[in-house]
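J.: mmCIF, C-alpha atoms, saved as upload.cif, coming up:
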data_input
loop_
_atom_site.label_atom_id
_atom_site.label_comp_id
_atom_site.auth_asym_id
_atom_site.auth_seq_id
_atom_site.Cartn_x
_atom_site.Cartn_y
_atom_site.Cartn_z
CA MET A 98 0.00 0.00 0.00
CA ARG A 99 2.86 2.39 0.87
CA GLU A 100 4.44 1.76 -2.54
CA ILE A 101 1.17 2.63 -4.23
CA MET A 102 0.82 5.81 -2.21
CA ASP A 103 4.36 6.82 -3.09
CA GLY A 104 3.58 6.25 -6.74
CA LEU A 105 0.38 8.31 -6.49
CA GLN A 106 2.40 11.40 -5.59
CA SER A 107 2.36 12.11 -9.32
CA PHE A 108 -1.44 12.33 -9.04
CA PRO A 109 -2.00 14.83 -6.19
CA CYS A 110 -5.72 15.24 -7.01
CA LEU A 111 -6.44 11.52 -6.58
CA ILE A 112 -6.66 10.24 -3.01
CA PRO A 113 -7.91 7.07 -1.27
CA VAL A 114 -11.28 7.84 0.32
CA TYR A 115 -12.49 4.42 1.42
CA LYS A 116 -10.91 1.09 2.34
CA CYS A 117 -12.64 -2.16 3.24
CA GLY A 118 -10.51 -5.28 3.62
CA THR A 119 -8.39 -5.54 0.48
CA SER A 120 -10.63 -3.14 -1.51
CA THR A 121 -9.71 0.53 -1.87
CA VAL A 122 -11.61 3.40 -3.49
CA TYR A 123 -9.72 6.38 -4.95
CA ASP A 124 -11.54 9.59 -5.81
CA GLY A 125 -10.49 12.86 -7.40
CA TYR A 126 -9.28 14.25 -10.73
CA LEU A 127 -6.80 13.45 -13.48
CA SER A 128 -5.19 16.52 -15.02
CA VAL A 129 -4.09 16.20 -18.68
CA ASN A 130 -3.00 19.14 -20.86
CA GLY A 131 -4.79 21.60 -18.63
CA GLU A 132 -8.06 19.62 -18.64
CA GLU A 133 -9.40 18.01 -15.47
CA TYR A 134 -11.37 14.77 -15.59
CA ARG A 135 -13.41 13.54 -12.64
CA VAL A 136 -12.49 9.95 -11.83
CA ARG A 137 -13.31 7.26 -9.27
CA ILE A 138 -11.32 4.01 -9.12
CA THR A 139 -12.07 0.88 -7.13
CA THR A 140 -9.32 -1.75 -6.68
CA PRO A 141 -10.60 -5.02 -5.13
CA LYS A 142 -7.06 -6.28 -4.33
CA GLU A 143 -3.97 -4.67 -2.82
CA ASP A 144 -1.36 -6.52 -4.86
CA SER A 145 -3.23 -6.77 -8.18
CA LEU A 146 -5.28 -4.64 -10.56
CA GLU A 147 -7.59 -7.56 -11.34
CA GLY A 148 -11.21 -6.47 -11.13
CA LEU A 149 -10.35 -2.75 -11.17
CA ARG A 150 -13.37 -0.53 -11.85
CA LEU A 151 -12.89 2.88 -13.45
CA GLN A 152 -15.65 5.50 -13.38
CA GLY A 153 -15.53 9.06 -14.63
CA ASP A 154 -17.41 12.06 -15.96
CA TRP A 155 -19.00 12.02 -19.42
CA ARG A 156 -15.92 13.57 -21.08
CA LEU A 157 -13.64 10.89 -19.68
CA GLN A 158 -16.05 8.16 -20.79
CA CYS A 159 -16.23 9.58 -24.32
CA LEU A 160 -12.45 9.79 -24.68
CA LEU A 161 -11.80 6.30 -23.33
CA ARG A 162 -14.71 4.48 -24.97
CA GLU A 163 -12.90 3.98 -28.27
CA HIS A 164 -9.82 2.65 -26.46
CA ALA A 165 -11.57 0.04 -24.33
CA ASP A 166 -9.55 -2.84 -25.81
CA ILE A 167 -6.24 -1.07 -25.22
CA LEU A 168 -7.22 -0.19 -21.65
CA GLU A 169 -8.11 -3.80 -20.93
CA GLN A 170 -4.76 -4.95 -22.33
CA ARG A 171 -2.82 -2.35 -20.34
CA LEU A 172 -4.71 -3.35 -17.20
CA LYS A 173 -3.39 -6.89 -17.51
CA GLN A 174 0.18 -5.72 -18.17
CA CYS A 175 0.56 -2.99 -15.54
CA LYS A 176 1.95 -4.05 -12.17
CA ASP A 177 0.35 -1.32 -10.05
CA LEU A 178 -2.15 1.54 -10.11
CA PRO A 179 0.28 4.46 -10.70
CA VAL A 180 1.63 2.79 -13.84
CA TYR A 181 -1.90 2.16 -15.10
CA LEU A 182 -2.87 5.78 -14.46
CA LYS A 183 0.14 6.89 -16.52
CA GLU A 184 -1.22 4.78 -19.39
CA ILE A 185 -4.63 6.42 -19.03
CA GLU A 186 -3.02 9.86 -19.08
CA ALA A 187 -1.17 8.99 -22.30
CA ILE A 188 -4.39 7.80 -23.94
CA LEU A 189 -6.26 10.93 -22.83
CA ALA A 190 -3.51 13.16 -24.21
CA CYS A 191 -3.56 11.42 -27.60
CA SER A 192 -7.35 11.36 -27.76
CA ALA A 193 -7.64 15.04 -26.97
CA GLU A 194 -5.19 15.87 -29.77
CA GLU A 195 -6.89 13.59 -32.29
CA ARG A 196 -10.44 14.74 -31.54
CA PRO A 197 -10.40 18.41 -30.64
CA ALA A 198 -13.61 19.14 -32.47
CA SER A 199 -15.66 16.26 -31.06
CA THR A 200 -14.92 16.47 -27.36
CA GLY A 201 -15.98 20.06 -26.82
CA SER A 202 -14.43 22.45 -24.35
CA PHE A 203 -15.67 22.94 -20.83
CA ALA A 204 -16.63 26.53 -21.71
CA ASN A 205 -18.79 25.38 -24.64
CA THR A 206 -20.41 22.69 -22.54
CA ARG A 207 -21.19 25.17 -19.81
CA LYS A 208 -22.67 27.54 -22.40
CA ILE A 209 -24.98 24.84 -23.72
CA VAL A 210 -26.05 23.86 -20.21
CA GLU A 211 -26.82 27.50 -19.42
CA GLU A 212 -28.86 27.81 -22.63
CA MET A 213 -30.83 24.66 -21.84
CA GLU A 214 -31.62 26.12 -18.44
CA LYS A 215 -33.24 29.05 -20.26
CA ILE A 216 -34.95 27.00 -22.97
CA GLY A 217 -36.11 24.28 -20.59
CA TRP A 218 -34.71 20.78 -20.17
CA ASP A 219 -38.05 19.37 -21.33
CA LYS A 220 -37.11 20.62 -24.82
CA LEU A 221 -34.00 18.39 -24.93
CA VAL A 222 -34.60 14.93 -26.43
CA SER A 223 -30.99 13.72 -26.51
CA VAL A 224 -27.38 14.90 -26.48
CA ASP A 225 -24.17 13.04 -27.20
CA GLY A 226 -21.13 12.94 -24.97
CA SER A 227 -19.43 15.82 -26.78
CA PHE A 228 -22.40 18.17 -26.28
CA GLN A 229 -22.17 19.01 -29.97
CA HIS A 230 -24.95 16.79 -31.34
CA LEU A 231 -28.34 17.55 -29.86
CA THR A 232 -31.96 16.78 -30.61
CA LEU A 233 -34.42 19.44 -29.46
CA ARG A 234 -38.18 19.49 -29.68
CA CYS A 235 -41.07 21.91 -29.59
CA GLY A 236 -44.80 21.34 -29.52
CA ASP A 237 -47.45 23.05 -31.62
CA THR A 238 -50.89 24.13 -30.46
CA ARG A 239 -52.30 20.67 -31.27
CA GLY A 240 -49.73 18.88 -29.13
CA ARG A 241 -47.71 17.49 -32.01
CA GLN A 242 -44.01 17.20 -31.13
CA HIS A 243 -41.49 18.44 -33.71
CA LYS A 244 -37.79 17.59 -33.48
CA LEU A 245 -34.75 19.58 -34.53
CA ILE A 246 -31.42 17.77 -34.92
CA VAL A 247 -28.49 20.14 -34.34
CA HIS A 248 -24.84 19.42 -35.15
CA LEU A 249 -22.83 22.24 -33.60
CA ASN A 250 -19.55 23.31 -35.13
CA ALA A 251 -16.46 23.50 -32.94
CA GLN A 252 -15.99 27.09 -34.13
CA GLU A 253 -18.65 29.31 -32.62
CA ASN A 254 -18.84 31.67 -35.60
CA VAL A 255 -19.67 28.78 -37.98
CA ALA A 256 -23.35 27.94 -38.34
CA PRO A 257 -24.42 24.48 -37.16
CA GLN A 258 -26.07 21.88 -39.35
CA CYS A 259 -29.77 21.61 -38.59
CA VAL A 260 -32.34 19.07 -39.76
CA ALA A 261 -36.06 19.34 -39.06
CA ASP A 262 -38.98 17.21 -40.28
CA LEU A 263 -40.76 19.95 -42.22
CA PRO A 264 -42.40 20.09 -45.68
CA GLY A 265 -39.71 22.56 -46.71
CA LYS A 266 -36.09 23.12 -45.79
CA PHE A 267 -35.50 24.59 -42.36
CA VAL A 268 -33.90 27.94 -43.15
CA PHE A 269 -32.43 29.71 -40.15
CA GLN A 270 -30.28 32.70 -39.31
CA TRP A 271 -27.08 32.23 -37.29
CA THR A 272 -24.83 34.99 -36.00
CA ALA A 273 -21.31 34.87 -34.55
CA LYS A 274 -22.95 34.81 -31.12
CA GLY A 275 -25.61 32.31 -32.10
CA HIS A 276 -27.70 30.72 -29.37
CA LEU A 277 -29.76 27.55 -29.18
CA SER A 278 -32.65 29.64 -27.89
CA GLU A 279 -32.61 31.55 -31.18
CA LEU A 280 -32.68 28.29 -33.13
CA MET A 281 -35.67 27.15 -31.09
CA ARG A 282 -37.46 30.43 -31.73
CA GLN A 283 -36.96 30.02 -35.47
CA LEU A 284 -38.10 26.39 -35.33
CA GLU A 285 -41.26 27.43 -33.51
CA GLY A 286 -41.88 30.03 -36.23
CA SER A 287 -41.49 27.40 -38.97
CA VAL A 288 -43.77 24.97 -37.14
CA ALA A 289 -46.43 27.69 -36.81
CA ARG A 290 -46.33 28.31 -40.57
CA TYR A 291 -47.12 24.67 -41.37
CA GLN A 292 -49.69 24.04 -38.66
CA ALA A 293 -52.65 24.60 -40.99
CA LEU A 294 -51.22 21.94 -43.33
CA TRP A 295 -50.87 19.37 -40.54
CA ASP A 296 -54.35 20.18 -39.24
CA ALA A 297 -55.80 19.53 -42.70
CA LEU A 298 -53.89 16.26 -43.18
CA ASP A 299 -54.81 15.08 -39.69
CA VAL A 300 -58.47 15.09 -40.76
CA VAL A 301 -57.55 12.98 -43.79
CA ASP A 302 -55.59 10.54 -41.62
CA GLN A 303 -58.43 10.23 -39.12
CA LYS A 304 -61.45 10.02 -41.43
CA THR A 305 -60.14 7.94 -44.36
CA TRP A 306 -58.06 4.84 -44.97
CA VAL A 307 -54.64 6.13 -45.98
CA LEU A 308 -52.81 3.42 -47.90
CA GLU A 309 -49.60 5.40 -48.38
CA PRO A 310 -47.55 6.39 -46.53
CA ASP A 311 -47.96 3.95 -43.65
CA HIS A 312 -46.67 6.35 -41.04
CA PRO A 313 -46.70 9.87 -42.51
CA SER A 314 -43.89 12.16 -41.42
CA PHE A 315 -44.43 15.86 -40.92
CA SER A 316 -42.67 16.47 -44.24
CA ALA A 317 -45.13 14.27 -46.20
CA CYS A 318 -47.66 16.33 -48.15
CA SER A 319 -49.20 13.41 -50.09
CA ARG A 320 -51.77 10.79 -49.08
CA ARG A 321 -53.08 7.80 -51.05
CA ILE A 322 -56.71 7.37 -49.96
CA ALA A 323 -58.69 4.14 -50.46
CA LEU A 324 -61.87 4.54 -52.52
CA SER A 325 -62.80 0.89 -53.09
CA PRO A 326 -60.91 -2.41 -53.41
CA GLY A 327 -58.34 -1.79 -56.15
CA THR A 328 -59.17 1.93 -56.49
CA SER A 329 -57.55 4.84 -54.71
CA LEU A 330 -56.96 8.58 -54.91
CA GLN A 331 -53.58 10.16 -54.33
CA ILE A 332 -53.67 13.78 -53.22
CA THR A 333 -50.73 16.15 -52.89
CA VAL A 334 -51.45 19.23 -50.78
CA ASP A 335 -49.71 22.55 -51.31
CA PRO A 336 -48.12 23.33 -47.91
CA ARG A 337 -48.48 27.06 -48.59
CA HIS A 338 -52.21 26.77 -49.35
CA PRO A 339 -53.47 23.66 -47.53
CA SER A 340 -57.13 24.61 -47.85
CA ALA A 341 -56.92 24.88 -51.65
CA MET A 342 -57.75 21.97 -53.92
CA PRO A 343 -54.87 19.48 -53.92
CA GLU A 344 -53.30 17.80 -56.92
CA CYS A 345 -55.30 14.61 -57.55
CA ARG A 346 -54.31 11.35 -59.23
CA PHE A 347 -56.64 8.35 -59.51
CA LEU A 348 -55.31 4.78 -59.42
CA GLY A 349 -57.35 1.78 -60.55
CA ALA A 350 -59.26 0.32 -63.47
CA ASP A 351 -60.15 2.87 -66.16
CA GLN A 352 -63.84 1.89 -66.05
CA VAL A 353 -63.95 2.75 -62.36
CA ILE A 354 -61.85 5.89 -62.22
CA ALA A 355 -63.12 7.52 -65.45
CA PRO A 356 -66.52 8.48 -63.92
CA LEU A 357 -64.73 9.83 -60.84
CA LYS A 358 -62.50 12.03 -63.00
CA ASP A 359 -65.59 13.36 -64.81
CA LYS A 360 -67.33 14.22 -61.53
CA LEU A 361 -64.23 15.91 -60.19
CA ASN A 362 -63.89 18.13 -63.24
CA ALA A 363 -67.62 18.91 -63.36
CA ASN A 364 -67.82 19.91 -59.69
CA LEU A 365 -64.63 21.97 -59.34
CA HIS A 366 -66.72 25.09 -58.72
CA LEU A 367 -68.07 23.52 -55.52
CA TRP A 368 -64.71 23.58 -53.76
CA ASP A 369 -65.00 25.57 -50.51
CA ASN A 370 -61.80 26.67 -48.79
CA GLN A 371 -63.69 26.85 -45.50
CA CYS A 372 -64.40 23.10 -45.53
CA SER A 373 -62.01 20.23 -44.83
CA LEU A 374 -60.17 18.37 -47.58
CA VAL A 375 -62.22 15.25 -46.91
CA SER A 376 -65.54 17.08 -47.05
CA ASN A 377 -64.61 18.90 -50.25
CA LEU A 378 -63.38 15.78 -52.03
CA GLU A 379 -66.49 13.83 -51.07
CA THR A 380 -68.62 16.66 -52.44
CA LEU A 381 -66.74 16.87 -55.73
CA LEU A 382 -66.61 13.08 -56.24
CA GLU A 383 -70.15 12.56 -54.94
CA ILE A 384 -69.01 9.69 -52.72
CA THR A 385 -68.35 8.89 -49.07
CA PHE A 386 -64.83 7.74 -48.32
CA PRO A 387 -64.43 4.38 -46.59
CA SER A 388 -63.27 5.11 -43.05
CA PRO A 389 -62.33 3.33 -39.81
CA THR A 390 -65.94 3.71 -38.68
CA ASN A 391 -67.42 1.61 -41.49
CA SER A 392 -64.68 -0.64 -42.93
CA LYS A 393 -61.33 -2.37 -42.42
CA LYS A 394 -58.08 -1.29 -44.02
CA GLU A 395 -57.37 -4.89 -45.09
CA ASP A 396 -60.35 -4.63 -47.47
CA PHE A 397 -58.38 -2.14 -49.58
CA SER A 398 -54.77 -3.30 -49.14
CA LEU A 399 -55.09 -5.96 -51.84
CA GLU A 400 -52.13 -8.18 -52.63
CA CYS A 401 -50.39 -8.22 -55.98
CA GLY A 402 -51.87 -10.92 -58.23
CA ILE A 403 -48.38 -12.05 -59.29
CA CYS A 404 -46.13 -12.02 -56.19
CA TYR A 405 -49.01 -12.31 -53.68
CA SER A 406 -47.64 -9.60 -51.42
CA TYR A 407 -48.80 -6.07 -50.73
CA ARG A 408 -45.50 -4.29 -50.29
CA LEU A 409 -42.54 -4.92 -52.56
CA GLY A 410 -39.75 -2.71 -51.24
CA ASP A 411 -41.20 0.78 -51.56
CA GLU A 412 -43.75 -0.33 -54.15
CA ILE A 413 -47.39 -1.23 -53.62
CA PRO A 414 -49.89 -2.74 -56.12
CA ASP A 415 -51.05 0.38 -57.97
CA LYS A 416 -51.67 -1.05 -61.46
CA THR A 417 -55.13 -2.58 -61.83
CA CYS A 418 -56.70 -4.65 -64.59
CA ASP A 419 -59.02 -2.41 -66.59
CA ASP A 420 -61.74 -5.06 -66.72
CA ALA A 421 -64.27 -4.13 -64.01
CA HIS A 422 -65.12 -7.79 -63.37
CA CYS A 423 -61.44 -8.55 -62.67
CA ALA A 424 -59.89 -5.36 -61.22
CA GLN A 425 -56.93 -7.36 -59.91
CA PRO A 426 -54.10 -5.10 -58.71
CA PHE A 427 -50.42 -5.69 -59.52
CA HIS A 428 -47.09 -4.13 -58.73
CA GLN A 429 -45.99 -2.34 -61.89
CA SER A 430 -42.61 -4.07 -61.77
CA CYS A 431 -44.25 -7.49 -61.35
CA LEU A 432 -46.64 -6.88 -64.23
CA TYR A 433 -43.83 -5.61 -66.43
CA GLU A 434 -41.75 -8.76 -65.84
CA TRP A 435 -44.80 -10.96 -66.42
CA LEU A 436 -45.79 -9.31 -69.69
CA ARG A 437 -42.21 -9.24 -70.94
CA SER A 438 -42.01 -13.02 -70.52
CA LEU A 439 -45.03 -13.61 -72.77
CA PRO A 440 -44.27 -14.54 -76.41
CA SER A 441 -47.22 -12.40 -77.53
CA CYS A 442 -46.18 -9.21 -75.72
CA GLN A 443 -45.72 -6.04 -77.75
CA GLN A 444 -43.98 -2.79 -76.97
CA SER A 445 -44.69 0.73 -78.18
CA PHE A 446 -42.34 3.43 -77.04
CA ASN A 447 -42.21 3.13 -73.22
CA THR A 448 -45.33 0.93 -72.84
CA ILE A 449 -45.57 -2.84 -73.00
CA PHE A 450 -48.85 -4.62 -73.92
CA GLY A 451 -50.11 -8.10 -73.14
CA GLU A 452 -52.81 -10.08 -71.32
CA CYS A 453 -53.90 -9.91 -67.69
CA PRO A 454 -52.53 -12.91 -65.75
CA PHE A 455 -55.98 -13.41 -64.19
CA CYS A 456 -58.64 -12.76 -66.84
CA SER A 457 -56.54 -12.67 -70.06
CA LYS A 458 -58.05 -9.32 -71.02
CA PRO A 459 -55.74 -6.72 -72.61
CA ILE A 460 -53.53 -4.89 -70.15
CA SER A 461 -50.56 -2.58 -70.44
CA VAL A 462 -47.89 -1.10 -68.21
CA LYS A 463 -45.18 1.48 -68.66
CA LEU A 464 -41.54 0.48 -68.56
CA PRO A 465 -40.12 1.01 -65.06
CA THR A 466 -37.97 4.10 -64.67
CA LYS A 467 -34.37 3.55 -63.56
#
Would you mind writing the file out in structure tokens?
T.:
Amino acid sequence: MREIMDGLQSFPCLIPVYKCGTSTVYDGYLSVNGEEYRVRITTPKEDSLEGLRLQGDWRLQCLLREHADILEQRLKQCKDLPVYLKEIEAILACSAEERPASTGSFANTRKIVEEMEKIGWDKLVSVDGSFQHLTLRCGDTRGRQHKLIVHLNAQENVAPQCVADLPGKFVFQWTAKGHLSELMRQLEGSVARYQALWDALDVVDQKTWVLEPDHPSFSACSRRIALSPGTSLQITVDPRHPSAMPECRFLGADQVIAPLKDKLNANLHLWDNQCSLVSNLETLLEITFPSPTNSKKEDFSLECGICYSYRLGDEIPDKTCDDAHCAQPFHQSCLYEWLRSLPSCQQSFNTIFGECPFCSKPISVKLPTK
């Protein structure tokens, strides 16, 4: 024990604070290149480092995490604690030189902590060990939670990289004395601008069967709404004018969607910006959308008639046989491969023609885009 204490003279900020039998606990700081790291070491045996447990602050953990294998090897080779601490100091010195931008200075960390005190810790979703990669959040008036991912630059006068789940790019202003609170204020402003869009799409999500996307993100402005088995309507809403008529595209057999297109065009004058998207579309199409109150989603998520699955990567069965008595849906890629394998298939420009695999009626599909 005396030999160890003599060796620890090189570490004046680390002292034994507790001893029980052969186990000793050392507590204090390691000082490397002007940086102090909080550390706590437990040695179960007096004459061996076997079972040694090293604890430290988040900065120490971050610096040593990538050198865990080396530390374990050095632990087996070192004869006593002072020698092992010298090895840790050497690793800390090298790590600090190799990663100056990722470890963050104490001053920067303190600044971020002070800013979070002002913003509110409830707005912090996560932060990495370097305090340079954060995820913040803010709520809108409907309780939706919006996240902002921030990658701070080591140089304060360089703007951070920011990513937010918005229909448009998150454009922000950053000054040489930029603050996280200012970023949050700008995020809240952007969220407020798109709230009318999300309110409108929430009604669509709640009152219709949305086939695509499965789990809409806040950046998604399109919805594919089920009309009947094998027939659907894809709408794309203008985020700047969410109450205006959206872009509409019908998917399904021509005999089924042709009358719907005619009704839509004939009733355009009935569109009322004061009504919801669902109400307006039902008025123009003269239909009532299937909804969770009167149907099941499985009734409309029909499998491809060739591969017998609904989802094929990012593709769903959106090509339907034009014969109303058949109306079997297919993935476009599946149908293309099927028709191409037929001896009787014909091609004109970017469209291939053949027979439906189910009813043998004429069917066509465009060549897949690469």
J.: With only C-alpha atoms as the basis for distance, which of A:Ile403, A:Met281, A:Cys442, A:Leu324 is at the shortest distance from Thr305 in chain A?
T.: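 Nearest candidate to Thr305 in chain A out of A:Ile403, A:Met281, A:Cys442, A:Leu324: A:Leu324.
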J.: Expressed in Å to a single decimal, how great is the separation between CA of Val136 in chain A and CA of Glu214 in chain A?
T.: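 Between CA of Val136 in chain A and CA of Glu214 in chain A the gap is 25.9 Å.
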J.: Dig up all the protein and nucleic acid residues within 10 Å of (-46.6, -7.9, -69.9) in the file frame, using all atoms listed in the file, and format them as a PDB file with C-alpha atoms, in the coordinates of the input.
T.:
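Saved the output as result04.pdb:
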ATOM      1  CA  GLN A 429     -45.990  -2.340 -61.890  1.00  0.00           C
ATOM      2  CA  SER A 430     -42.610  -4.070 -61.770  1.00  0.00           C
ATOM      3  CA  CYS A 431     -44.250  -7.490 -61.350  1.00  0.00           C
ATOM      4  CA  LEU A 432     -46.640  -6.880 -64.230  1.00  0.00           C
ATOM      5  CA  TYR A 433     -43.830  -5.610 -66.430  1.00  0.00           C
ATOM      6  CA  GLU A 434     -41.750  -8.760 -65.840  1.00  0.00           C
ATOM      7  CA  TRP A 435     -44.800 -10.960 -66.420  1.00  0.00           C
ATOM      8  CA  LEU A 436     -45.790  -9.310 -69.690  1.00  0.00           C
ATOM      9  CA  ARG A 437     -42.210  -9.240 -70.940  1.00  0.00           C
ATOM     10  CA  SER A 438     -42.010 -13.020 -70.520  1.00  0.00           C
ATOM     11  CA  LEU A 439     -45.030 -13.610 -72.770  1.00  0.00           C
ATOM     12  CA  PRO A 440     -44.270 -14.540 -76.410  1.00  0.00           C
ATOM     13  CA  SER A 441     -47.220 -12.400 -77.530  1.00  0.00           C
ATOM     14  CA  CYS A 442     -46.180  -9.210 -75.720  1.00  0.00           C
ATOM     15  CA  GLN A 443     -45.720  -6.040 -77.750  1.00  0.00           C
ATOM     16  CA  GLN A 444     -43.980  -2.790 -76.970  1.00  0.00           C
ATOM     17  CA  THR A 448     -45.330   0.930 -72.840  1.00  0.00           C
ATOM     18  CA  ILE A 449     -45.570  -2.840 -73.000  1.00  0.00           C
ATOM     19  CA  PHE A 450     -48.850  -4.620 -73.920  1.00  0.00           C
ATOM     20  CA  GLY A 451     -50.110  -8.100 -73.140  1.00  0.00           C
ATOM     21  CA  GLU A 452     -52.810 -10.080 -71.320  1.00  0.00           C
ATOM     22  CA  CYS A 453     -53.900  -9.910 -67.690  1.00  0.00           C
ATOM     23  CA  PRO A 454     -52.530 -12.910 -65.750  1.00  0.00           C
ATOM     24  CA  PRO A 459     -55.740  -6.720 -72.610  1.00  0.00           C
ATOM     25  CA  ILE A 460     -53.530  -4.890 -70.150  1.00  0.00           C
ATOM     26  CA  SER A 461     -50.560  -2.580 -70.440  1.00  0.00           C
ATOM     27  CA  VAL A 462     -47.890  -1.100 -68.210  1.00  0.00           C
ATOM     28  CA  LYS A 463     -45.180   1.480 -68.660  1.00  0.00           C
ATOM     29  CA  LEU A 464     -41.540   0.480 -68.560  1.00  0.00           C
TER      30      LEU A 464
END
J.: Can you list, as a PDB file with C-alpha atoms, in the frame of the given file, every protein, DNA or RNA residue that comes within 12 Å of Asp419 in chain A when you count all atoms listed in the file, leaving out same-chain residues fewer than 3 positions away?
T.:
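Result file follows (result-v1.pdb):
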ATOM      1  CA  GLY A 327     -58.340  -1.790 -56.150  1.00  0.00           C
ATOM      2  CA  THR A 328     -59.170   1.930 -56.490  1.00  0.00           C
ATOM      3  CA  LEU A 348     -55.310   4.780 -59.420  1.00  0.00           C
ATOM      4  CA  GLY A 349     -57.350   1.780 -60.550  1.00  0.00           C
ATOM      5  CA  ALA A 350     -59.260   0.320 -63.470  1.00  0.00           C
ATOM      6  CA  ASP A 351     -60.150   2.870 -66.160  1.00  0.00           C
ATOM      7  CA  GLN A 352     -63.840   1.890 -66.050  1.00  0.00           C
ATOM      8  CA  VAL A 353     -63.950   2.750 -62.360  1.00  0.00           C
ATOM      9  CA  ILE A 354     -61.850   5.890 -62.220  1.00  0.00           C
ATOM     10  CA  ALA A 355     -63.120   7.520 -65.450  1.00  0.00           C
ATOM     11  CA  LYS A 416     -51.670  -1.050 -61.460  1.00  0.00           C
ATOM     12  CA  HIS A 422     -65.120  -7.790 -63.370  1.00  0.00           C
ATOM     13  CA  CYS A 423     -61.440  -8.550 -62.670  1.00  0.00           C
ATOM     14  CA  ALA A 424     -59.890  -5.360 -61.220  1.00  0.00           C
ATOM     15  CA  GLN A 425     -56.930  -7.360 -59.910  1.00  0.00           C
ATOM     16  CA  PRO A 426     -54.100  -5.100 -58.710  1.00  0.00           C
ATOM     17  CA  PHE A 427     -50.420  -5.690 -59.520  1.00  0.00           C
ATOM     18  CA  GLU A 452     -52.810 -10.080 -71.320  1.00  0.00           C
ATOM     19  CA  CYS A 453     -53.900  -9.910 -67.690  1.00  0.00           C
ATOM     20  CA  PHE A 455     -55.980 -13.410 -64.190  1.00  0.00           C
ATOM     21  CA  CYS A 456     -58.640 -12.760 -66.840  1.00  0.00           C
ATOM     22  CA  SER A 457     -56.540 -12.670 -70.060  1.00  0.00           C
ATOM     23  CA  LYS A 458     -58.050  -9.320 -71.020  1.00  0.00           C
ATOM     24  CA  PRO A 459     -55.740  -6.720 -72.610  1.00  0.00           C
ATOM     25  CA  ILE A 460     -53.530  -4.890 -70.150  1.00  0.00           C
ATOM     26  CA  SER A 461     -50.560  -2.580 -70.440  1.00  0.00           C
ATOM     27  CA  VAL A 462     -47.890  -1.100 -68.210  1.00  0.00           C
TER      28      VAL A 462
END
J.: Could you pull the residues within 8 Å of range 118-133 of chain A, counting only C-alpha atoms, minus those fewer than 5 positions along the same chain, as JSON, numbers by chain?
T.: {"A": [108, 110, 111, 112, 113, 138, 139, 140, 141, 142, 143, 186, 189, 190]}
J.: For the structure shown, which residues end up in the PyMOL selection byres ((chain A and resi 248) around 6)? Put them as a PyMOL selection string, please?
T.: chain A and resi 229-230+247+249+257-258
J.: For the file shown, report as JSON, numbers by chain the outcome of the PyMOL selection byres ((chain A and resi 376) around 12) at residue level.
T.: {"A": [297, 300, 301, 304, 305, 340, 342, 367, 368, 369, 370, 371, 372, 373, 374, 375, 377, 378, 379, 380, 381, 382, 383, 384, 385, 386]}
J.: Residues within 9 Å of Glu184 in chain A, please, as a ChimeraX atom specification. Count only C-alpha atoms; anything in the same chain fewer than 3 positions from it doesn't count.
T.: /A:168,171,175,179-181,187-189
J.: Which distance in Å separates CA of Trp271 in chain A and CA of Met213 in chain A, to one decimal?
T.: 17.6 Å
J.: How many Å separate CA of Leu231 in chain A from CA of Ala165 in chain A?
T.: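 Separation between CA of Leu231 in chain A and CA of Ala165 in chain A: 24.9 Å.
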J.: Can you turn the PyMOL selection byres ((chain A and resi 394) around 10) into a concrete residue list for this file, as an MDAnalysis selection string?
T.: chainID A and resid 305:308 323 326 387:389 392:393 395:399
J.: So that I can check the surroundings of Phe269 in chain A, please list as a list in words every protein, DNA and RNA residue that reaches within 9 Å of it, counting only C-alpha atoms and ignoring chain neighbours fewer than 3 positions away.
T.: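 In the requested form, the answer reads Cys259, Leu280, Gln283 and Leu284 of chain A.
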J.: Keeping only C-alpha atoms, write the selected residues to a file as a short mmCIF file (atom, residue, chain, number, x, y, z; two decimals), keeping the file's coordinate frame.
T.:
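Output file out-v6.cif follows:
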data_model
loop_
_atom_site.label_atom_id
_atom_site.label_comp_id
_atom_site.auth_asym_id
_atom_site.auth_seq_id
_atom_site.Cartn_x
_atom_site.Cartn_y
_atom_site.Cartn_z
CA CYS A 259 -29.77 21.61 -38.59
CA LEU A 280 -32.68 28.29 -33.13
CA GLN A 283 -36.96 30.02 -35.47
CA LEU A 284 -38.10 26.39 -35.33
#
